[in-house]
file run-v9.cif (mmCIF, C-alpha atoms)
data_start
loop_
_atom_site.group_PDB
_atom_site.id
_atom_site.type_symbol
_atom_site.label_atom_id
_atom_site.label_comp_id
_atom_site.auth_asym_id
_atom_site.auth_seq_id
_atom_site.Cartn_x
_atom_site.Cartn_y
_atom_site.Cartn_z
ATOM 1 C CA MET X 1 10.918 7.170 -8.667
ATOM 2 C CA ASP X 2 8.708 9.608 -10.546
ATOM 3 C CA TRP X 3 5.243 10.231 -9.154
ATOM 4 C CA PRO X 4 2.338 12.057 -10.859
ATOM 5 C CA ASP X 5 2.420 15.839 -10.570
ATOM 6 C CA ALA X 6 -0.172 17.534 -8.383
ATOM 7 C CA ARG X 7 -2.384 19.555 -10.728
ATOM 8 C CA THR X 8 -4.581 21.396 -8.265
ATOM 9 C CA HIS X 9 -4.301 22.940 -4.800
ATOM 10 C CA THR X 10 -2.449 21.199 -1.987
ATOM 11 C CA ARG X 11 -2.884 21.249 1.769
ATOM 12 C CA GLU X 12 -0.664 20.599 4.716
ATOM 13 C CA THR X 13 -0.064 16.857 5.034
ATOM 14 C CA MET X 14 -1.803 15.146 7.929
ATOM 15 C CA GLU X 15 -1.753 11.360 8.365
ATOM 16 C CA LEU X 16 -5.066 9.702 9.224
ATOM 17 C CA GLU X 17 -6.119 6.136 9.986
ATOM 18 C CA TYR X 18 -9.342 6.636 8.022
ATOM 19 C CA TYR X 19 -10.552 9.319 5.633
ATOM 20 C CA GLU X 20 -14.050 9.942 4.370
ATOM 21 C CA SER X 21 -14.714 12.657 1.820
ATOM 22 C CA PRO X 22 -17.040 15.234 3.402
ATOM 23 C CA THR X 23 -18.861 15.577 0.064
ATOM 24 C CA GLY X 24 -18.906 11.831 -0.680
ATOM 25 C CA ASP X 25 -16.957 12.323 -3.919
ATOM 26 C CA VAL X 26 -13.650 13.648 -5.287
ATOM 27 C CA ASN X 27 -14.744 17.263 -4.730
ATOM 28 C CA GLY X 28 -14.126 16.831 -1.016
ATOM 29 C CA VAL X 29 -10.613 15.408 -1.359
ATOM 30 C CA ALA X 30 -7.501 17.581 -1.052
ATOM 31 C CA LEU X 31 -4.166 16.720 -2.585
ATOM 32 C CA GLY X 32 -1.779 15.446 0.035
ATOM 33 C CA THR X 33 -4.478 13.633 2.018
ATOM 34 C CA THR X 34 -2.594 10.726 3.618
ATOM 35 C CA VAL X 35 -4.076 7.603 5.194
ATOM 36 C CA THR X 36 -2.005 4.960 7.007
ATOM 37 C CA PHE X 37 -2.345 1.298 7.916
ATOM 38 C CA THR X 38 0.141 -0.411 10.255
ATOM 39 C CA LYS X 39 0.570 -4.136 10.861
ATOM 40 C CA THR X 40 3.222 -6.408 12.330
ATOM 41 C CA VAL X 41 3.756 -9.320 9.940
ATOM 42 C CA SER X 42 3.407 -12.617 11.796
ATOM 43 C CA GLU X 43 4.366 -16.196 11.036
ATOM 44 C CA SER X 44 0.697 -17.024 10.604
ATOM 45 C CA ASP X 45 0.210 -14.161 8.119
ATOM 46 C CA ILE X 46 2.892 -15.660 5.890
ATOM 47 C CA TYR X 47 1.689 -19.277 6.176
ATOM 48 C CA LEU X 48 -1.980 -18.385 5.725
ATOM 49 C CA TYR X 49 -1.144 -16.228 2.711
ATOM 50 C CA ALA X 50 0.877 -19.085 1.217
ATOM 51 C CA GLY X 51 -2.107 -21.398 1.702
ATOM 52 C CA ILE X 52 -4.622 -18.964 0.243
ATOM 53 C CA THR X 53 -2.530 -18.157 -2.829
ATOM 54 C CA GLY X 54 -0.777 -21.486 -3.339
ATOM 55 C CA ASP X 55 2.609 -19.698 -3.313
ATOM 56 C CA PHE X 56 4.728 -22.125 -1.302
ATOM 57 C CA SER X 57 8.048 -20.784 -2.551
ATOM 58 C CA PRO X 58 10.900 -21.661 -0.178
ATOM 59 C CA ASN X 59 11.526 -17.893 0.056
ATOM 60 C CA HIS X 60 8.480 -17.763 2.319
ATOM 61 C CA ILE X 61 8.236 -21.135 4.066
ATOM 62 C CA ASN X 62 11.736 -22.665 4.291
ATOM 63 C CA GLU X 63 13.907 -20.940 6.918
ATOM 64 C CA GLU X 64 16.932 -23.225 6.397
ATOM 65 C CA TYR X 65 16.935 -22.634 2.651
ATOM 66 C CA MET X 66 16.743 -18.851 3.081
ATOM 67 C CA LYS X 67 19.350 -18.614 5.888
ATOM 68 C CA GLY X 68 22.115 -18.920 3.315
ATOM 69 C CA GLY X 69 20.889 -16.069 1.135
ATOM 70 C CA GLN X 70 21.099 -12.289 1.317
ATOM 71 C CA TYR X 71 17.962 -12.009 3.480
ATOM 72 C CA GLY X 72 19.277 -14.325 6.179
ATOM 73 C CA GLY X 73 15.884 -15.992 6.575
ATOM 74 C CA ARG X 74 12.382 -16.213 5.204
ATOM 75 C CA ILE X 75 10.599 -13.153 3.812
ATOM 76 C CA ALA X 76 6.935 -12.311 3.386
ATOM 77 C CA HIS X 77 5.299 -12.436 -0.023
ATOM 78 C CA GLY X 78 5.540 -9.123 -1.872
ATOM 79 C CA THR X 79 1.909 -9.489 -2.791
ATOM 80 C CA LEU X 80 1.038 -9.620 0.914
ATOM 81 C CA LEU X 81 2.309 -6.037 1.015
ATOM 82 C CA MET X 82 -0.006 -5.258 -1.899
ATOM 83 C CA GLY X 83 -2.796 -6.492 0.355
ATOM 84 C CA PHE X 84 -1.732 -3.816 2.846
ATOM 85 C CA MET X 85 -1.907 -1.309 -0.021
ATOM 86 C CA SER X 86 -5.446 -2.445 -0.749
ATOM 87 C CA ALA X 87 -6.351 -2.191 2.945
ATOM 88 C CA VAL X 88 -5.188 1.416 3.201
ATOM 89 C CA SER X 89 -6.989 2.285 -0.042
ATOM 90 C CA ALA X 90 -10.199 0.889 1.459
ATOM 91 C CA ARG X 91 -9.719 3.244 4.425
ATOM 92 C CA THR X 92 -9.836 6.151 1.962
ATOM 93 C CA ARG X 93 -13.580 6.469 1.423
ATOM 94 C CA ILE X 94 -14.557 8.667 -1.479
ATOM 95 C CA GLY X 95 -18.065 7.514 -2.280
ATOM 96 C CA ARG X 96 -18.497 4.259 -4.169
ATOM 97 C CA SER X 97 -15.146 3.638 -5.761
ATOM 98 C CA VAL X 98 -13.139 0.838 -7.326
ATOM 99 C CA SER X 99 -9.478 0.187 -7.856
ATOM 100 C CA LEU X 100 -8.350 0.449 -11.449
ATOM 101 C CA GLY X 101 -5.006 -1.040 -10.500
ATOM 102 C CA TYR X 102 -1.496 -0.427 -9.281
ATOM 103 C CA ASP X 103 1.326 0.860 -11.465
ATOM 104 C CA LYS X 104 5.068 0.973 -10.843
ATOM 105 C CA VAL X 105 4.886 -1.693 -8.117
ATOM 106 C CA ARG X 106 8.328 -2.353 -6.660
ATOM 107 C CA PHE X 107 9.418 -4.547 -3.751
ATOM 108 C CA LEU X 108 12.593 -2.858 -2.536
ATOM 109 C CA LYS X 109 13.549 -4.815 0.600
ATOM 110 C CA GLY X 110 12.522 -8.061 2.229
ATOM 111 C CA VAL X 111 9.996 -8.097 5.064
ATOM 112 C CA LYS X 112 10.615 -10.719 7.749
ATOM 113 C CA PRO X 113 8.255 -12.201 10.323
ATOM 114 C CA GLY X 114 8.089 -9.719 13.203
ATOM 115 C CA ASP X 115 8.640 -6.636 11.042
ATOM 116 C CA THR X 116 6.100 -3.847 11.483
ATOM 117 C CA VAL X 117 5.020 -2.269 8.212
ATOM 118 C CA THR X 118 3.284 1.099 7.917
ATOM 119 C CA THR X 119 1.594 1.665 4.578
ATOM 120 C CA ARG X 120 0.975 5.288 3.539
ATOM 121 C CA TYR X 121 -1.564 6.212 0.866
ATOM 122 C CA THR X 122 -1.123 9.820 -0.301
ATOM 123 C CA VAL X 123 -3.440 11.456 -2.839
ATOM 124 C CA GLU X 124 -1.202 12.926 -5.555
ATOM 125 C CA SER X 125 -3.591 13.904 -8.347
ATOM 126 C CA ILE X 126 -7.314 14.232 -8.973
ATOM 127 C CA ASP X 127 -9.035 14.159 -12.357
ATOM 128 C CA LYS X 128 -12.564 15.390 -11.686
ATOM 129 C CA GLU X 129 -13.728 14.859 -15.287
ATOM 130 C CA LYS X 130 -12.720 11.186 -15.276
ATOM 131 C CA ARG X 131 -13.661 10.857 -11.572
ATOM 132 C CA ARG X 132 -10.294 9.334 -10.761
ATOM 133 C CA LEU X 133 -7.565 9.921 -8.281
ATOM 134 C CA THR X 134 -3.995 8.739 -8.213
ATOM 135 C CA ALA X 135 -2.182 7.990 -4.968
ATOM 136 C CA ARG X 136 1.428 7.311 -4.055
ATOM 137 C CA VAL X 137 1.625 4.215 -1.845
ATOM 138 C CA GLU X 138 4.644 3.374 0.293
ATOM 139 C CA CYS X 139 5.294 0.545 2.727
ATOM 140 C CA VAL X 140 7.907 1.395 5.370
ATOM 141 C CA ASN X 141 9.301 -0.942 8.037
ATOM 142 C CA GLN X 142 10.042 -0.181 11.684
ATOM 143 C CA HIS X 143 13.529 1.043 10.691
ATOM 144 C CA ASP X 144 12.057 3.615 8.266
ATOM 145 C CA ASP X 145 13.281 1.567 5.296
ATOM 146 C CA VAL X 146 10.971 1.786 2.289
ATOM 147 C CA VAL X 147 10.187 -1.852 1.483
ATOM 148 C CA ALA X 148 7.601 -1.423 -1.293
ATOM 149 C CA VAL X 149 6.108 1.334 -3.462
ATOM 150 C CA ALA X 150 3.333 1.683 -6.013
ATOM 151 C CA THR X 151 1.024 4.145 -7.686
ATOM 152 C CA HIS X 152 -2.684 3.416 -7.185
ATOM 153 C CA ILE X 153 -5.508 4.537 -9.459
ATOM 154 C CA LYS X 154 -8.982 4.748 -7.934
ATOM 155 C CA MET X 155 -12.187 5.547 -9.834
ATOM 156 C CA ILE X 156 -15.369 6.875 -8.301
ATOM 157 C CA VAL X 157 -18.231 4.925 -9.917
ATOM 158 C CA ASP X 158 -21.223 7.057 -8.827
#
call {"tool": "encode", "arguments": {"input": "run-v9.cif", "output": "structure tokens"}}
result
Amino acid sequence: MDWPDARTHTRETMELEYYESPTGDVNGVALGTTVTFTKTVSESDIYLYAGITGDFSPNHINEEYMKGGQYGGRIAHGTLLMGFMSAVSARTRIGRSVSLGYDKVRFLKGVKPGDTVTTRYTVESIDKEKRRLTARVECVNQHDDVVAVATHIKMIVD
């Protein structure tokens, strides 16, 4: 998958649980800044998400139906993983900012109840004139399988 090119300086990658720009804006952010969020997906996560969204597809709530397929059982909603992407973005504090959206979203493997997913948010490019940054987002399971990817665009509003 192609990711945006880094257009300014880079720094050694260090993974953090939270990041806050020391300057309160994009000027304090270095390319390669990586923030992580880890969660074990539970039965209740899947059922509550189905109830909140109204997505009661048998893929998510019918174990017997899914046993016969390639996943061998139920899988979590892909958009639940996007919620993890949003969570890790919120842990990347760069002043008052908003999400402009996610591009190139792909769900590559199923996530089952009990799987532990680590979501990594890595700053790939910064456009200081437009006050935007682009991040590569990856969700990886406990077996180091990449289960979902996206590109996130964040805008600093003031």
call {"tool": "residues_around", "arguments": {"input": "run-v9.cif", "residues": "region 35-46 of chain X", "least_positions_apart": "5", "cutoff": "6 Å", "atoms": "all atoms listed in the file", "output": "NGL selection string"}}
result
:X and (15-17 or 76 or 88 or 113-121)
call {"tool": "resolve_selection", "arguments": {"input": "run-v9.cif", "expression": "the PyMOL selection byres ((chain X and resi 94) around 12)", "output": "count of residues only"}}
result
34
call {"tool": "atom_distance", "arguments": {"input": "run-v9.cif", "atom1": "CA of Ala150 (chain X)", "atom2": "CA of His77 (chain X)"}}
result
15.5 Å
call {"tool": "resolve_selection", "arguments": {"input": "run-v9.cif", "expression": "the PyMOL selection byres ((chain X and resi 134) around 10)", "output": "list in words"}}
result
Trp3, Pro4, Asp5, Ala6, Leu31, Leu100, Tyr102, Tyr121, Thr122, Val123, Glu124, Ser125, Ile126, Asp127, Arg132, Leu133, Ala135, Arg136, Val137, Thr151, His152, Ile153, Lys154 and Met155 of chain X
call {"tool": "resolve_selection", "arguments": {"input": "run-v9.cif", "expression": "the PyMOL selection byres ((chain X and resi 105) around 9)", "output": "short mmCIF file (atom, residue, chain, number, x, y, z; two decimals) with C-alpha atoms, keeping the file's coordinate frame"}}
result
data_model
loop_
_atom_site.label_atom_id
_atom_site.label_comp_id
_atom_site.auth_asym_id
_atom_site.auth_seq_id
_atom_site.Cartn_x
_atom_site.Cartn_y
_atom_site.Cartn_z
CA MET X 82 -0.01 -5.26 -1.90
CA TYR X 102 -1.50 -0.43 -9.28
CA ASP X 103 1.33 0.86 -11.46
CA LYS X 104 5.07 0.97 -10.84
CA ARG X 106 8.33 -2.35 -6.66
CA PHE X 107 9.42 -4.55 -3.75
CA ALA X 148 7.60 -1.42 -1.29
CA VAL X 149 6.11 1.33 -3.46
CA ALA X 150 3.33 1.68 -6.01
CA THR X 151 1.02 4.14 -7.69
#
call {"tool": "atom_distance", "arguments": {"input": "run-v9.cif", "atom1": "CA of Gln142 (chain X)", "atom2": "CA of Tyr71 (chain X)"}}
result
16.4 Å
call {"tool": "atom_distance", "arguments": {"input": "run-v9.cif", "atom1": "CA of Ile75 (chain X)", "atom2": "CA of Ile52 (chain X)"}}
result
16.7 Å
call {"tool": "closest_residue", "arguments": {"input": "run-v9.cif", "among": "X:Lys130, X:Val146, X:Gly32, X:Gly110", "to": "Gly78 (chain X)", "atoms": "only C-alpha atoms"}}
result
X:Gly110
call {"tool": "closest_residue", "arguments": {"input": "run-v9.cif", "among": "X:Leu48, X:Val140, X:Gly54, X:Ile61", "to": "Arg74 (chain X)", "atoms": "all atoms listed in the file"}}
result
X:Ile61
call {"tool": "closest_residue", "arguments": {"input": "run-v9.cif", "among": "X:Tyr47, X:Thr34, X:Gly73, X:Lys109", "to": "Asn141 (chain X)", "atoms": "all atoms listed in the file"}}
result
X:Lys109
call {"tool": "decode", "arguments": {"input": "run-v9.cif", "residues": "region 14-146 of chain X", "atoms": "C-alpha atoms", "output": "short mmCIF file (atom, residue, chain, number, x, y, z; two decimals), in the first residue's frame"}}
result
data_model
loop_
_atom_site.label_atom_id
_atom_site.label_comp_id
_atom_site.auth_asym_id
_atom_site.auth_seq_id
_atom_site.Cartn_x
_atom_site.Cartn_y
_atom_site.Cartn_z
CA MET X 14 9.22 6.00 19.49
CA GLU X 15 5.79 4.58 20.34
CA LEU X 16 3.75 6.48 22.93
CA GLU X 17 0.38 5.91 24.58
CA TYR X 18 -0.36 9.64 24.42
CA TYR X 19 1.27 12.55 22.61
CA GLU X 20 0.78 16.24 23.16
CA SER X 21 2.51 18.77 20.94
CA PRO X 22 4.86 20.85 23.11
CA THR X 23 3.91 23.95 21.09
CA GLY X 24 0.18 23.14 20.97
CA ASP X 25 0.19 23.06 17.16
CA VAL X 26 1.78 21.28 14.17
CA ASN X 27 5.09 23.10 14.72
CA GLY X 28 5.81 20.82 17.66
CA VAL X 29 5.12 17.56 15.82
CA ALA X 30 7.91 15.48 14.26
CA LEU X 31 7.40 13.07 11.41
CA GLY X 32 7.40 9.51 12.65
CA THR X 33 5.65 10.35 15.93
CA THR X 34 3.75 7.16 16.76
CA VAL X 35 0.92 6.74 19.26
CA THR X 36 -0.65 3.37 20.14
CA PHE X 37 -3.92 2.11 21.58
CA THR X 38 -4.38 -1.54 22.59
CA LYS X 39 -7.63 -3.33 23.39
CA THR X 40 -8.81 -6.93 23.64
CA VAL X 41 -12.07 -7.25 21.71
CA SER X 42 -14.75 -8.80 23.91
CA GLU X 43 -18.11 -10.40 23.26
CA SER X 44 -19.79 -7.37 24.81
CA ASP X 45 -17.86 -4.98 22.53
CA ILE X 46 -19.29 -6.74 19.49
CA TYR X 47 -22.87 -6.99 20.81
CA LEU X 48 -22.93 -3.42 22.11
CA TYR X 49 -21.53 -2.13 18.82
CA ALA X 50 -24.18 -4.08 16.92
CA GLY X 51 -26.86 -2.50 19.11
CA ILE X 52 -25.50 1.02 18.78
CA THR X 53 -25.11 0.85 15.00
CA GLY X 54 -28.01 -1.45 14.14
CA ASP X 55 -25.60 -3.76 12.25
CA PHE X 56 -26.90 -7.18 13.26
CA SER X 57 -25.26 -9.02 10.37
CA PRO X 58 -24.85 -12.73 11.11
CA ASN X 59 -21.11 -12.18 10.51
CA HIS X 60 -21.03 -10.56 13.94
CA ILE X 61 -23.79 -12.17 16.01
CA ASN X 62 -24.43 -15.70 14.68
CA GLU X 63 -21.65 -18.14 15.63
CA GLU X 64 -23.29 -21.18 14.00
CA TYR X 65 -23.73 -19.36 10.70
CA MET X 66 -20.10 -18.20 10.66
CA LYS X 67 -18.58 -21.55 11.76
CA GLY X 68 -18.96 -22.86 8.22
CA GLY X 69 -17.12 -19.98 6.57
CA GLN X 70 -13.48 -19.05 6.13
CA TYR X 71 -13.30 -17.26 9.50
CA GLY X 72 -14.48 -20.27 11.48
CA GLY X 73 -16.67 -18.10 13.71
CA ARG X 74 -17.98 -14.62 14.29
CA ILE X 75 -15.85 -11.55 13.57
CA ALA X 76 -15.95 -8.01 14.90
CA HIS X 77 -17.33 -5.18 12.79
CA GLY X 78 -14.65 -3.54 10.65
CA THR X 79 -16.01 -0.19 11.70
CA LEU X 80 -15.33 -1.11 15.33
CA LEU X 81 -11.67 -1.11 14.32
CA MET X 82 -12.20 2.36 12.85
CA GLY X 83 -13.35 3.35 16.33
CA PHE X 84 -9.95 2.20 17.59
CA MET X 85 -8.39 4.39 14.88
CA SER X 86 -10.41 7.33 16.15
CA ALA X 87 -9.37 6.56 19.74
CA VAL X 88 -5.67 6.60 18.91
CA SER X 89 -6.10 9.81 16.90
CA ALA X 90 -7.69 11.42 19.96
CA ARG X 91 -4.58 10.47 21.96
CA THR X 92 -2.53 12.55 19.51
CA ARG X 93 -3.17 16.04 20.86
CA ILE X 94 -2.09 18.82 18.55
CA GLY X 95 -4.13 21.77 19.75
CA ARG X 96 -7.78 21.94 18.77
CA SER X 97 -8.08 19.61 15.83
CA VAL X 98 -10.70 17.72 13.86
CA SER X 99 -10.68 14.66 11.69
CA LEU X 100 -11.15 15.35 8.01
CA GLY X 101 -11.59 11.65 7.37
CA TYR X 102 -9.94 8.35 6.60
CA ASP X 103 -8.71 7.33 3.16
CA LYS X 104 -7.65 3.94 1.83
CA VAL X 105 -9.47 2.07 4.62
CA ARG X 106 -8.97 -1.68 4.26
CA PHE X 107 -10.03 -4.56 6.51
CA LEU X 108 -7.44 -7.23 5.77
CA LYS X 109 -8.24 -10.02 8.25
CA GLY X 110 -11.08 -10.88 10.59
CA VAL X 111 -10.89 -10.00 14.28
CA LYS X 112 -12.51 -12.52 16.62
CA PRO X 113 -13.72 -12.11 20.20
CA GLY X 114 -10.66 -12.45 22.43
CA ASP X 115 -8.22 -11.01 19.89
CA THR X 116 -6.02 -8.18 21.16
CA VAL X 117 -5.63 -5.35 18.67
CA THR X 118 -2.91 -2.70 18.83
CA THR X 119 -3.63 0.36 16.71
CA ARG X 120 -0.63 2.47 15.65
CA TYR X 121 -1.01 6.07 14.48
CA THR X 122 2.16 7.34 12.78
CA VAL X 123 2.53 10.91 11.53
CA GLU X 124 3.67 10.67 7.90
CA SER X 125 3.34 14.21 6.55
CA ILE X 126 2.69 17.73 7.80
CA ASP X 127 1.35 20.63 5.75
CA LYS X 128 1.94 23.70 7.91
CA GLU X 129 0.24 26.09 5.46
CA LYS X 130 -3.00 24.08 5.45
CA ARG X 131 -2.52 23.15 9.15
CA ARG X 132 -3.02 19.48 8.38
CA LEU X 133 -1.23 16.28 9.09
CA THR X 134 -1.57 12.87 7.54
CA ALA X 135 -1.02 9.69 9.54
CA ARG X 136 -0.65 6.04 8.63
CA VAL X 137 -2.93 3.94 10.84
CA GLU X 138 -2.51 0.19 11.30
CA CYS X 139 -4.39 -2.30 13.45
CA VAL X 140 -2.33 -5.39 14.32
CA ASN X 141 -3.52 -8.46 16.23
CA GLN X 142 -1.68 -10.44 18.90
CA HIS X 143 -0.05 -12.57 16.16
CA ASP X 144 1.41 -9.46 14.46
CA ASP X 145 -1.05 -9.84 11.58
CA VAL X 146 -2.13 -6.51 10.10
#
